$ cat upload.txt   # compact mmCIF, C-alpha atoms (C1' of nucleotides)
# COMPACT_ATOMS: atom_id res chain seq x y z
CA MET K 1 -105.18 28.61 -10.08
CA GLU K 2 -104.45 31.97 -11.57
CA LYS K 3 -102.07 30.89 -14.28
CA MET K 4 -104.65 28.78 -15.98
CA ARG K 5 -105.35 28.84 -19.62
CA ALA K 6 -108.19 31.15 -20.56
CA ASP K 7 -110.59 28.39 -21.58
CA ALA K 8 -109.81 26.47 -18.43
CA ARG K 9 -110.73 29.43 -16.28
CA ARG K 10 -113.89 29.90 -18.30
CA ASN K 11 -114.89 26.29 -17.88
CA ARG K 12 -114.14 26.33 -14.20
CA ALA K 13 -116.49 29.26 -13.79
CA LYS K 14 -119.17 27.55 -15.84
CA VAL K 15 -118.88 24.44 -13.71
CA LEU K 16 -119.14 26.43 -10.51
CA ALA K 17 -122.18 28.31 -11.75
CA ALA K 18 -123.91 25.14 -12.89
CA ALA K 19 -123.07 23.38 -9.64
CA GLU K 20 -124.42 26.26 -7.63
CA GLU K 21 -127.69 26.12 -9.49
CA ALA K 22 -128.05 22.37 -9.49
CA PHE K 23 -127.01 21.85 -5.87
CA ALA K 24 -129.31 24.63 -4.74
CA LEU K 25 -132.21 22.84 -6.36
CA ASP K 26 -131.58 19.21 -5.45
CA GLY K 27 -128.74 19.17 -2.94
CA LEU K 28 -125.96 16.65 -2.96
CA ALA K 29 -128.26 14.14 -4.62
CA VAL K 30 -127.89 15.69 -8.06
CA PRO K 31 -125.79 13.48 -10.36
CA LEU K 32 -122.50 14.95 -11.39
CA ASP K 33 -123.26 14.29 -15.03
CA ASP K 34 -126.21 16.64 -14.76
CA ILE K 35 -123.96 19.39 -13.53
CA ALA K 36 -121.53 18.77 -16.37
CA ARG K 37 -124.33 18.86 -18.93
CA LEU K 38 -125.77 22.01 -17.41
CA ALA K 39 -122.35 23.59 -17.58
CA GLY K 40 -121.94 22.47 -21.18
CA VAL K 41 -118.77 20.51 -20.49
CA GLY K 42 -117.81 16.87 -20.15
CA ALA K 43 -117.55 15.01 -16.88
CA GLY K 44 -113.80 14.85 -17.22
CA THR K 45 -113.59 18.62 -17.24
CA VAL K 46 -115.34 18.79 -13.92
CA TYR K 47 -112.79 16.40 -12.48
CA ARG K 48 -109.93 18.42 -13.91
CA HIS K 49 -111.00 21.30 -11.70
CA PHE K 50 -112.33 19.51 -8.65
CA PRO K 51 -110.98 16.25 -7.27
CA SER K 52 -114.38 14.88 -6.39
CA LYS K 53 -118.05 15.72 -6.36
CA GLU K 54 -117.79 16.35 -2.64
CA ALA K 55 -115.02 18.90 -3.20
CA LEU K 56 -117.14 20.71 -5.77
CA PHE K 57 -120.03 20.76 -3.37
CA GLN K 58 -117.94 22.27 -0.63
CA ALA K 59 -116.50 24.85 -2.98
CA VAL K 60 -120.03 25.94 -3.77
CA VAL K 61 -121.24 25.95 -0.20
CA LEU K 62 -118.17 27.19 1.62
CA GLU K 63 -118.72 30.79 0.70
CA ARG K 64 -122.28 30.84 1.93
CA ILE K 65 -121.44 29.24 5.24
CA GLN K 66 -118.62 31.69 5.80
CA GLN K 67 -121.06 34.43 4.96
CA PHE K 68 -123.37 33.17 7.68
CA ALA K 69 -120.51 33.11 10.15
CA GLU K 70 -119.48 36.61 9.13
CA GLU K 71 -122.98 37.92 9.65
CA ALA K 72 -123.15 36.30 13.05
CA ARG K 73 -119.86 37.86 14.09
CA ALA K 74 -121.03 41.27 12.93
CA LEU K 75 -124.14 40.94 15.07
CA ALA K 76 -122.26 39.78 18.14
CA THR K 77 -121.66 43.31 19.35
CA ALA K 78 -125.13 44.69 18.71
CA ASP K 79 -127.51 45.90 21.34
CA GLU K 80 -130.64 43.89 21.95
CA PRO K 81 -128.97 40.50 21.83
CA GLY K 82 -132.33 38.82 22.00
CA GLY K 83 -133.90 40.42 18.98
CA VAL K 84 -130.69 40.08 17.02
CA PHE K 85 -130.45 36.42 17.87
CA PHE K 86 -133.96 35.54 16.80
CA ASP K 87 -133.69 37.56 13.62
CA TYR K 88 -130.52 35.75 12.73
CA PHE K 89 -131.93 32.35 13.61
CA VAL K 90 -134.95 32.87 11.41
CA ARG K 91 -132.93 34.33 8.57
CA VAL K 92 -130.53 31.39 8.46
CA ILE K 93 -133.38 28.93 8.35
CA ARG K 94 -135.24 30.86 5.71
CA GLN K 95 -132.20 31.18 3.48
CA ALA K 96 -131.27 27.56 3.90
CA SER K 97 -134.77 26.37 3.17
CA LEU K 98 -134.53 28.04 -0.23
CA ASN K 99 -131.32 26.24 -1.04
CA ARG K 100 -130.97 22.54 -0.58
CA ALA K 101 -127.22 22.77 -0.89
CA ILE K 102 -127.11 24.69 2.36
CA CYS K 103 -129.54 22.29 3.97
CA ASP K 104 -127.36 19.34 3.10
CA ALA K 105 -124.24 21.16 4.18
CA LEU K 106 -125.65 22.00 7.59
CA ALA K 107 -127.08 18.53 8.04
CA GLU K 108 -123.84 16.79 7.18
CA SER K 109 -121.46 19.15 8.88
CA SER K 110 -121.98 17.16 12.01
CA GLY K 111 -120.59 14.14 10.23
CA HIS K 112 -117.27 15.97 10.19
CA ALA K 113 -117.33 15.59 6.44
CA PHE K 114 -117.46 19.35 6.23
CA LYS K 115 -114.36 21.29 5.46
CA ALA K 116 -112.84 22.00 8.83
CA GLY K 117 -112.74 25.71 9.44
CA ALA K 118 -115.91 27.10 7.93
CA GLY K 119 -118.11 24.76 9.88
CA ASP K 120 -116.34 25.60 13.08
CA GLU K 121 -116.42 29.31 12.36
CA PHE K 122 -120.14 29.16 11.93
CA ARG K 123 -120.56 27.00 15.00
CA ALA K 124 -118.51 29.38 17.13
CA ALA K 125 -120.25 32.51 15.91
CA LEU K 126 -123.62 30.93 16.47
CA ALA K 127 -122.67 29.90 19.99
CA GLU K 128 -121.52 33.42 20.73
CA LEU K 129 -124.78 34.93 19.56
CA LEU K 130 -126.70 32.41 21.59
CA ALA K 131 -124.67 33.04 24.72
CA ARG K 132 -125.30 36.76 24.52
CA ALA K 133 -129.02 36.28 24.04
CA GLN K 134 -129.07 33.92 26.99
CA ALA K 135 -127.12 36.36 29.14
CA ALA K 136 -129.70 38.99 28.27
CA GLY K 137 -132.43 36.65 29.40
CA ALA K 138 -134.01 36.42 25.95
CA VAL K 139 -133.32 32.72 25.39
CA ARG K 140 -133.75 29.82 27.79
CA PRO K 141 -130.45 28.91 29.37
CA ASP K 142 -130.67 25.13 29.11
CA ILE K 143 -129.39 24.78 25.56
CA ASP K 144 -125.99 25.24 23.98
CA GLY K 145 -124.60 25.90 20.52
CA ASP K 146 -124.75 22.30 19.41
CA ASP K 147 -128.35 22.07 20.51
CA LEU K 148 -129.09 25.10 18.42
CA ARG K 149 -127.48 23.62 15.35
CA ALA K 150 -129.55 20.52 15.84
CA LEU K 151 -132.65 22.66 16.08
CA ILE K 152 -131.75 24.38 12.84
CA VAL K 153 -131.40 21.05 11.10
CA GLY K 154 -134.72 20.02 12.53
CA CYS K 155 -136.40 23.18 11.32
CA LEU K 156 -135.05 22.55 7.86
CA ALA K 157 -136.50 19.06 7.95
CA VAL K 158 -139.84 20.52 8.93
CA GLU K 159 -139.60 23.05 6.16
CA ARG K 160 -138.91 20.38 3.60
CA TYR K 161 -141.74 18.26 4.89
CA ALA K 162 -144.29 21.06 5.02
CA PRO K 163 -142.98 23.86 2.81
CA GLY K 164 -143.95 27.39 3.62
CA SER K 165 -145.34 26.80 7.08
CA GLU K 166 -144.36 30.02 8.68
CA HIS K 167 -146.04 29.28 11.99
CA LEU K 168 -144.11 26.07 12.54
CA LEU K 169 -140.94 28.08 12.75
CA ARG K 170 -142.74 30.23 15.27
CA VAL K 171 -143.36 27.20 17.44
CA VAL K 172 -139.65 26.61 17.76
CA VAL K 173 -138.86 30.28 18.24
CA ASP K 174 -141.41 30.48 21.05
CA GLY K 175 -139.99 27.32 22.54
CA LEU K 176 -136.58 28.93 22.66
CA ARG K 177 -137.78 31.77 24.86
CA PRO K 178 -137.38 31.36 28.57
CA VAL K 179 -140.26 29.70 30.32
CA GLU K 180 -141.88 32.51 32.25
CA ARG K 181 -145.39 31.52 31.77
CA VAL K 182 -148.41 30.06 33.38
CA ARG K 183 -148.41 26.36 32.87
CA THR K 184 -151.58 25.69 31.05
CA GLY K 185 -151.09 22.12 29.87
CA MET H 1 -150.63 -17.43 3.12
CA GLU H 2 -151.71 -20.16 5.44
CA LYS H 3 -151.44 -23.08 3.06
CA MET H 4 -147.72 -22.63 2.62
CA ARG H 5 -145.17 -25.33 2.88
CA ALA H 6 -143.63 -25.55 6.33
CA ASP H 7 -140.19 -24.37 5.24
CA ALA H 8 -141.73 -21.50 3.36
CA ARG H 9 -143.54 -20.30 6.44
CA ARG H 10 -140.36 -20.66 8.44
CA ASN H 11 -138.36 -18.65 5.95
CA ARG H 12 -140.99 -15.99 5.76
CA ALA H 13 -140.77 -15.54 9.48
CA LYS H 14 -136.99 -15.43 9.39
CA VAL H 15 -137.10 -12.75 6.70
CA LEU H 16 -139.56 -10.67 8.66
CA ALA H 17 -137.48 -10.91 11.81
CA ALA H 18 -134.28 -10.02 10.00
CA ALA H 19 -135.97 -7.14 8.21
CA GLU H 20 -137.35 -5.80 11.45
CA GLU H 21 -133.91 -5.79 13.00
CA ALA H 22 -132.07 -4.39 9.99
CA PHE H 23 -134.64 -1.72 9.16
CA ALA H 24 -134.79 -0.66 12.80
CA LEU H 25 -131.06 -0.07 12.74
CA ASP H 26 -130.49 1.58 9.38
CA GLY H 27 -133.90 2.37 7.97
CA LEU H 28 -134.84 1.92 4.35
CA ALA H 29 -131.22 2.43 3.36
CA VAL H 30 -130.21 -1.09 4.33
CA PRO H 31 -129.47 -3.22 1.23
CA LEU H 32 -131.85 -6.05 0.69
CA ASP H 33 -128.99 -8.50 0.39
CA ASP H 34 -128.02 -7.71 3.95
CA ILE H 35 -131.48 -8.62 5.14
CA ALA H 36 -131.34 -11.86 3.19
CA ARG H 37 -127.95 -12.74 4.64
CA LEU H 38 -129.08 -11.87 8.14
CA ALA H 39 -132.10 -14.10 7.66
CA GLY H 40 -129.91 -16.88 6.33
CA VAL H 41 -131.72 -17.10 3.02
CA GLY H 42 -131.07 -16.05 -0.56
CA ALA H 43 -132.31 -12.86 -2.12
CA GLY H 44 -134.71 -14.83 -4.29
CA THR H 45 -136.44 -16.19 -1.23
CA VAL H 46 -137.14 -12.70 0.03
CA TYR H 47 -138.76 -11.86 -3.28
CA ARG H 48 -140.82 -15.02 -3.18
CA HIS H 49 -142.51 -13.69 -0.07
CA PHE H 50 -142.55 -9.95 -0.73
CA PRO H 51 -142.91 -8.35 -4.14
CA SER H 52 -140.42 -5.60 -3.43
CA LYS H 53 -138.18 -4.18 -0.78
CA GLU H 54 -140.71 -1.45 -0.23
CA ALA H 55 -143.44 -4.00 0.43
CA LEU H 56 -141.26 -5.76 2.96
CA PHE H 57 -140.56 -2.47 4.65
CA GLN H 58 -144.22 -1.65 4.91
CA ALA H 59 -145.03 -5.11 6.23
CA VAL H 60 -142.52 -4.50 8.99
CA VAL H 61 -143.66 -0.99 9.81
CA LEU H 62 -147.39 -1.23 9.28
CA GLU H 63 -148.09 -2.91 12.59
CA ARG H 64 -146.23 -0.29 14.57
CA ILE H 65 -147.96 2.61 12.89
CA GLN H 66 -151.34 1.04 13.44
CA GLN H 67 -150.36 0.55 17.05
CA PHE H 68 -149.63 4.27 17.30
CA ALA H 69 -153.00 5.08 15.79
CA GLU H 70 -154.70 2.66 18.16
CA GLU H 71 -153.07 4.25 21.17
CA ALA H 72 -154.11 7.68 20.01
CA ARG H 73 -157.71 6.59 19.59
CA ALA H 74 -157.71 5.07 23.04
CA LEU H 75 -156.53 8.35 24.51
CA ALA H 76 -159.04 10.45 22.61
CA THR H 77 -161.67 10.08 25.31
CA ALA H 78 -159.44 10.67 28.30
CA ASP H 79 -159.71 13.54 30.70
CA GLU H 80 -156.93 16.08 30.72
CA PRO H 81 -156.59 16.29 26.95
CA GLY H 82 -153.54 18.48 27.35
CA GLY H 83 -151.46 16.13 29.44
CA VAL H 84 -152.53 13.18 27.37
CA PHE H 85 -151.59 14.95 24.18
CA PHE H 86 -148.11 15.90 25.30
CA ASP H 87 -147.41 12.47 26.75
CA TYR H 88 -148.42 10.89 23.49
CA PHE H 89 -146.43 13.34 21.41
CA VAL H 90 -143.29 12.68 23.40
CA ARG H 91 -143.81 8.94 23.45
CA VAL H 92 -144.18 8.71 19.68
CA ILE H 93 -141.01 10.67 19.13
CA ARG H 94 -139.07 8.68 21.67
CA GLN H 95 -140.16 5.37 20.22
CA ALA H 96 -139.48 6.44 16.68
CA SER H 97 -136.07 7.80 17.53
CA LEU H 98 -135.07 4.31 18.66
CA ASN H 99 -136.16 2.79 15.39
CA ARG H 100 -135.08 4.22 12.09
CA ALA H 101 -137.68 2.19 10.27
CA ILE H 102 -140.37 4.22 11.96
CA CYS H 103 -138.51 7.44 11.29
CA ASP H 104 -138.33 6.69 7.60
CA ALA H 105 -141.94 5.58 7.52
CA LEU H 106 -143.17 8.78 9.11
CA ALA H 107 -140.92 10.91 6.96
CA GLU H 108 -142.05 9.29 3.73
CA SER H 109 -145.68 8.88 4.55
CA SER H 110 -146.16 12.39 3.26
CA GLY H 111 -144.91 11.24 -0.10
CA HIS H 112 -148.04 9.15 -0.37
CA ALA H 113 -145.79 6.15 -0.78
CA PHE H 114 -147.16 4.83 2.45
CA LYS H 115 -149.79 2.17 2.45
CA ALA H 116 -153.02 4.08 2.32
CA GLY H 117 -154.99 3.38 5.44
CA ALA H 118 -152.46 3.08 8.22
CA GLY H 119 -150.93 6.43 7.50
CA ASP H 120 -154.34 8.05 7.35
CA GLU H 121 -155.48 6.31 10.51
CA PHE H 122 -152.53 7.67 12.35
CA ARG H 123 -152.98 11.09 10.86
CA ALA H 124 -156.64 11.22 11.82
CA ALA H 125 -156.10 9.97 15.36
CA LEU H 126 -153.30 12.46 15.86
CA ALA H 127 -155.44 15.31 14.58
CA GLU H 128 -158.22 14.29 16.95
CA LEU H 129 -155.91 14.30 19.94
CA LEU H 130 -154.56 17.66 18.90
CA ALA H 131 -157.98 19.17 18.45
CA ARG H 132 -159.05 18.12 21.92
CA ALA H 133 -155.92 19.52 23.49
CA GLN H 134 -156.47 22.76 21.64
CA ALA H 135 -160.09 22.92 22.70
CA ALA H 136 -158.92 22.52 26.29
CA GLY H 137 -156.55 25.42 25.80
CA ALA H 138 -153.45 23.32 26.35
CA VAL H 139 -152.02 23.71 22.85
CA ARG H 140 -151.74 26.82 20.73
CA PRO H 141 -154.56 26.99 18.23
CA ASP H 142 -152.60 28.07 15.18
CA ILE H 143 -151.44 24.64 14.07
CA ASP H 144 -153.21 21.65 12.57
CA GLY H 145 -152.62 17.95 12.28
CA ASP H 146 -150.34 18.22 9.28
CA ASP H 147 -148.25 20.82 11.07
CA LEU H 148 -147.93 18.44 13.95
CA ARG H 149 -146.76 15.63 11.73
CA ALA H 150 -144.17 17.94 10.25
CA LEU H 151 -143.03 18.83 13.73
CA ILE H 152 -142.66 15.17 14.60
CA VAL H 153 -140.52 14.62 11.53
CA GLY H 154 -138.45 17.63 12.51
CA CYS H 155 -137.99 16.35 16.04
CA LEU H 156 -136.80 13.05 14.64
CA ALA H 157 -134.28 14.89 12.51
CA VAL H 158 -133.06 16.72 15.59
CA GLU H 159 -132.82 13.49 17.50
CA ARG H 160 -130.76 11.89 14.78
CA TYR H 161 -128.49 14.90 14.58
CA ALA H 162 -127.99 15.24 18.32
CA PRO H 163 -128.95 11.91 19.87
CA GLY H 164 -130.26 11.88 23.38
CA SER H 165 -130.87 15.59 23.79
CA GLU H 166 -133.85 15.44 26.02
CA HIS H 167 -134.15 19.18 26.43
CA LEU H 168 -134.41 19.81 22.70
CA LEU H 169 -137.67 17.97 22.66
CA ARG H 170 -138.71 20.19 25.54
CA VAL H 171 -138.10 23.26 23.39
CA VAL H 172 -140.67 22.06 20.89
CA VAL H 173 -143.09 20.97 23.56
CA ASP H 174 -142.90 24.37 25.21
CA GLY H 175 -143.33 26.01 21.85
CA LEU H 176 -146.55 24.09 21.34
CA ARG H 177 -148.13 25.56 24.44
CA PRO H 178 -150.28 28.62 24.00
CA VAL H 179 -148.44 31.90 24.15
CA GLU H 180 -149.59 33.46 27.39
CA ARG H 181 -146.36 34.98 28.40
CA VAL H 182 -144.42 38.10 28.82
CA ARG H 183 -142.54 38.86 25.66
CA THR H 184 -138.97 38.86 26.77
CA GLY H 185 -137.14 38.84 23.46
C1' DG Q 1 -140.10 -44.69 -1.23
C1' DG Q 2 -141.37 -42.25 -5.30
C1' DC Q 3 -143.13 -38.33 -7.71
C1' DG Q 4 -144.96 -33.79 -8.74
C1' DA Q 5 -145.26 -29.40 -7.05
C1' DT Q 6 -143.29 -25.95 -4.40
C1' DA Q 7 -139.57 -23.33 -2.65
C1' DC Q 8 -134.65 -22.25 -2.39
C1' DG Q 9 -130.14 -20.01 -3.46
C1' DG Q 10 -127.25 -17.10 -5.55
C1' DA Q 11 -125.40 -15.91 -9.95
C1' DG Q 12 -126.53 -12.54 -13.10
C1' DC Q 13 -128.98 -8.54 -15.33
C1' DG Q 14 -130.17 -3.56 -15.67
C1' DC Q 15 -129.44 0.71 -14.13
C1' DG Q 16 -127.64 4.74 -12.00
C1' DT Q 17 -123.65 7.13 -10.54
C1' DG Q 18 -118.79 8.47 -9.11
C1' DT Q 19 -114.43 8.34 -11.26
C1' DT Q 20 -110.72 7.49 -14.68
C1' DC Q 21 -108.50 7.33 -19.17
C1' DC Q 22 -107.03 8.73 -23.53
C1' DG Q 23 -107.25 10.34 -28.36
C1' DG Q 24 -108.17 14.61 -30.15
C1' DT Q 25 -108.34 19.74 -29.73
C1' DT Q 26 -107.07 24.33 -28.45
C1' DG Q 27 -104.55 28.01 -26.28
C1' DT Q 28 -100.01 30.05 -25.69
C1' DC Q 29 -95.50 31.45 -26.52
C1' DA Q 30 -91.44 31.84 -29.20
C1' DT W 1 -96.90 29.98 -37.75
C1' DG W 2 -95.34 25.98 -35.70
C1' DA W 3 -94.97 23.11 -31.85
C1' DC W 4 -95.62 21.83 -27.24
C1' DA W 5 -98.19 21.63 -23.23
C1' DA W 6 -102.46 22.11 -21.23
C1' DC W 7 -107.02 21.02 -21.65
C1' DC W 8 -111.34 18.90 -23.29
C1' DG W 9 -115.15 15.44 -24.11
C1' DG W 10 -117.28 11.47 -23.36
C1' DA W 11 -116.71 6.53 -23.61
C1' DA W 12 -115.57 3.16 -20.45
C1' DC W 13 -114.84 1.26 -15.84
C1' DA W 14 -116.06 0.06 -10.97
C1' DC W 15 -119.38 -0.61 -7.85
C1' DG W 16 -123.64 -1.00 -5.31
C1' DC W 17 -128.23 -2.19 -5.39
C1' DG W 18 -133.00 -3.76 -6.70
C1' DC W 19 -134.74 -7.46 -8.92
C1' DT W 20 -135.14 -11.86 -11.91
C1' DC W 21 -134.13 -16.45 -13.53
C1' DC W 22 -133.38 -21.15 -13.42
C1' DG W 23 -131.06 -25.41 -12.00
C1' DT W 24 -131.35 -27.77 -7.73
C1' DA W 25 -133.11 -29.19 -3.30
C1' DT W 26 -136.91 -29.99 -0.33
C1' DC W 27 -141.60 -30.93 1.10
C1' DG W 28 -145.92 -33.31 1.22
C1' DC W 29 -148.95 -36.71 -0.45
C1' DC W 30 -149.96 -41.47 -2.17
$ encode --input "upload.txt" --output "structure tokens"
Amino acid sequence: MEKMRADARRNRAKVLAAAEEAFALDGLAVPLDDIARLAGVGAGTVYRHFPSKEALFQAVVLERIQQFAEEARALATADEPGGVFFDYFVRVIRQASLNRAICDALAESSGHAFKAGAGDEFRAALAELLARAQAAGAVRPDIDGDDLRALIVGCLAVERYAPGSEHLLRVVVDGLRPVERVRTG
Amino acid sequence: MEKMRADARRNRAKVLAAAEEAFALDGLAVPLDDIARLAGVGAGTVYRHFPSKEALFQAVVLERIQQFAEEARALATADEPGGVFFDYFVRVIRQASLNRAICDALAESSGHAFKAGAGDEFRAALAELLARAQAAGAVRPDIDGDDLRALIVGCLAVERYAPGSEHLLRVVVDGLRPVERVRTG
DNA sequence: GGCGATACGGAGCGCGTGTTCCGGTTGTCA
DNA sequence: TGACAACCGGAACACGCGCTCCGTATCGCC
């Protein structure tokens, strides 16, 4: 991958850039020919560099997911586990809602179609953050990491259905807090 | 539609039954040929009775959505608007999560592809129920009917991602209650 | 039972999309 | 600069799916 011809390396970069843009806009649904055209290359060139559309998609998304996991790990030792947790939760959802590639990646990573490793890293880091927030009493104890992932996917669905509804995210965030309240309903 | 030949009426019923079963299982994604095969008829016969796959889908789903709207209207005059609202909310989600046809119908009804009338009926009845619960102080006031629909869609996404997680629905339900609590996070 | 109208079945069309193939081109190295 | 390998473009293929078409079978009425 380093001893490529100069034009090959150039084209590979163009394909990656085009894929990043196209996937971010329309998710996995974007036709591969569109990516090729956007990159200014032929479809065959895309397949020279990536064995399948799925592989290209993962190459584009992998970095971002790892970045999420990295962030989560960095926050795992912070004080105020509660505040840190909610900030992170909201940030992930906000970022993902601006990028359909990430949405699709998170939604499908349960289908085990996701590249093993990055998905698990993210899952583990998220679970860690959650556990700390729960131990600090900032998050209700009756959910686990997988539940949280499911909630993220759900929030992304909401966001796609009603874009820009900030208060809907707040509903979920409030629901995640422990129930120390007067029952009013 | 009443002066059909006997076999035509029979086949129409078989198609509807097959479509109900197939759509319930796999949603709109099910190929029309599968429905035809399941019904024991040819694809042409399906198209004799329904102008398009979409029309068949709506014929299958319309009744259920109207039923939802009907229920909501019946509950609109009940005492305890709060309890009634939450019961209804949970029931709709539970029913829909057992039937992908309903999931897809609710998710796409925002796209205005849904048969005008039934979707609006449901929307209106839901908004009414919500408004009463809010007036009774049982539901936070900062959401409206469209927000609620979005939340339902989101809950269905969660349910599909993590099937049978009863407590995840509880997170959303708790989040819908007014925020009269000690801030713990 | 015979006859016209109606309905049936499923092969086939059009289209979109992932993937492959190959003749031509271009970079690289001696 | 020449020659070989690597690489490129895009036409073509495979396939699934919505939908149509038409020869054939069936129904209903006299």
$ residues_around --input "upload.txt" --residues "range 17-24 of chain Q" --least-positions-apart "4" --cutoff "9 Å" --atoms "all atoms listed in the file" --output "VMD selection string"
(chain K and resid 31 to 33 44 47 52 to 53) or (chain W and resid 8 12 to 14)
$ interface_residues --input "upload.txt" --of "chain W" --to "chain H" --cutoff "9 Å" --atoms "only C-alpha atoms (C1' of nucleotides)" --output "ChimeraX atom specification"
/W:17-20,26-28
$ residues_around --input "upload.txt" --residues "Phe23 in chain H" --least-positions-apart "4" --cutoff "12 Å" --atoms "only C-alpha atoms (C1' of nucleotides)" --output "PDB file with C-alpha atoms, in the coordinates of the input"
ATOM      1  CA  VAL H  15    -137.100 -12.750   6.700  1.00  0.00           C
ATOM      2  CA  LEU H  16    -139.560 -10.670   8.660  1.00  0.00           C
ATOM      3  CA  ALA H  17    -137.480 -10.910  11.810  1.00  0.00           C
ATOM      4  CA  ALA H  18    -134.280 -10.020  10.000  1.00  0.00           C
ATOM      5  CA  ALA H  19    -135.970  -7.140   8.210  1.00  0.00           C
ATOM      6  CA  GLY H  27    -133.900   2.370   7.970  1.00  0.00           C
ATOM      7  CA  LEU H  28    -134.840   1.920   4.350  1.00  0.00           C
ATOM      8  CA  ALA H  29    -131.220   2.430   3.360  1.00  0.00           C
ATOM      9  CA  VAL H  30    -130.210  -1.090   4.330  1.00  0.00           C
ATOM     10  CA  PRO H  31    -129.470  -3.220   1.230  1.00  0.00           C
ATOM     11  CA  LEU H  32    -131.850  -6.050   0.690  1.00  0.00           C
ATOM     12  CA  ASP H  34    -128.020  -7.710   3.950  1.00  0.00           C
ATOM     13  CA  ILE H  35    -131.480  -8.620   5.140  1.00  0.00           C
ATOM     14  CA  LEU H  38    -129.080 -11.870   8.140  1.00  0.00           C
ATOM     15  CA  LYS H  53    -138.180  -4.180  -0.780  1.00  0.00           C
ATOM     16  CA  GLU H  54    -140.710  -1.450  -0.230  1.00  0.00           C
ATOM     17  CA  LEU H  56    -141.260  -5.760   2.960  1.00  0.00           C
ATOM     18  CA  PHE H  57    -140.560  -2.470   4.650  1.00  0.00           C
ATOM     19  CA  GLN H  58    -144.220  -1.650   4.910  1.00  0.00           C
ATOM     20  CA  ALA H  59    -145.030  -5.110   6.230  1.00  0.00           C
ATOM     21  CA  VAL H  60    -142.520  -4.500   8.990  1.00  0.00           C
ATOM     22  CA  VAL H  61    -143.660  -0.990   9.810  1.00  0.00           C
ATOM     23  CA  LEU H  98    -135.070   4.310  18.660  1.00  0.00           C
ATOM     24  CA  ASN H  99    -136.160   2.790  15.390  1.00  0.00           C
ATOM     25  CA  ARG H 100    -135.080   4.220  12.090  1.00  0.00           C
ATOM     26  CA  ALA H 101    -137.680   2.190  10.270  1.00  0.00           C
ATOM     27  CA  ILE H 102    -140.370   4.220  11.960  1.00  0.00           C
ATOM     28  CA  CYS H 103    -138.510   7.440  11.290  1.00  0.00           C
ATOM     29  CA  ASP H 104    -138.330   6.690   7.600  1.00  0.00           C
ATOM     30  CA  ALA H 105    -141.940   5.580   7.520  1.00  0.00           C
TER      31      ALA H 105
END
$ closest_residue --input "upload.txt" --among "K:Arg12, K:Arg48, K:Arg132, K:Arg94" --to "chain Q" --atoms "only C-alpha atoms (C1' of nucleotides)"
K:Arg48
$ atom_distance --input "upload.txt" --atom1 "CA of Phe68 in chain H" --atom2 "CA of Ile93 in chain H"
10.9 Å
$ closest_residue --input "upload.txt" --among "H:Lys3, H:Glu159, H:Gly42, H:Lys14" --to "chain Q" --atoms "only C-alpha atoms (C1' of nucleotides)"
H:Gly42
$ closest_residue --input "upload.txt" --among "K:Arg123, K:Arg91, K:His49, K:Arg170" --to "chain H" --atoms "only C-alpha atoms"
K:Arg170
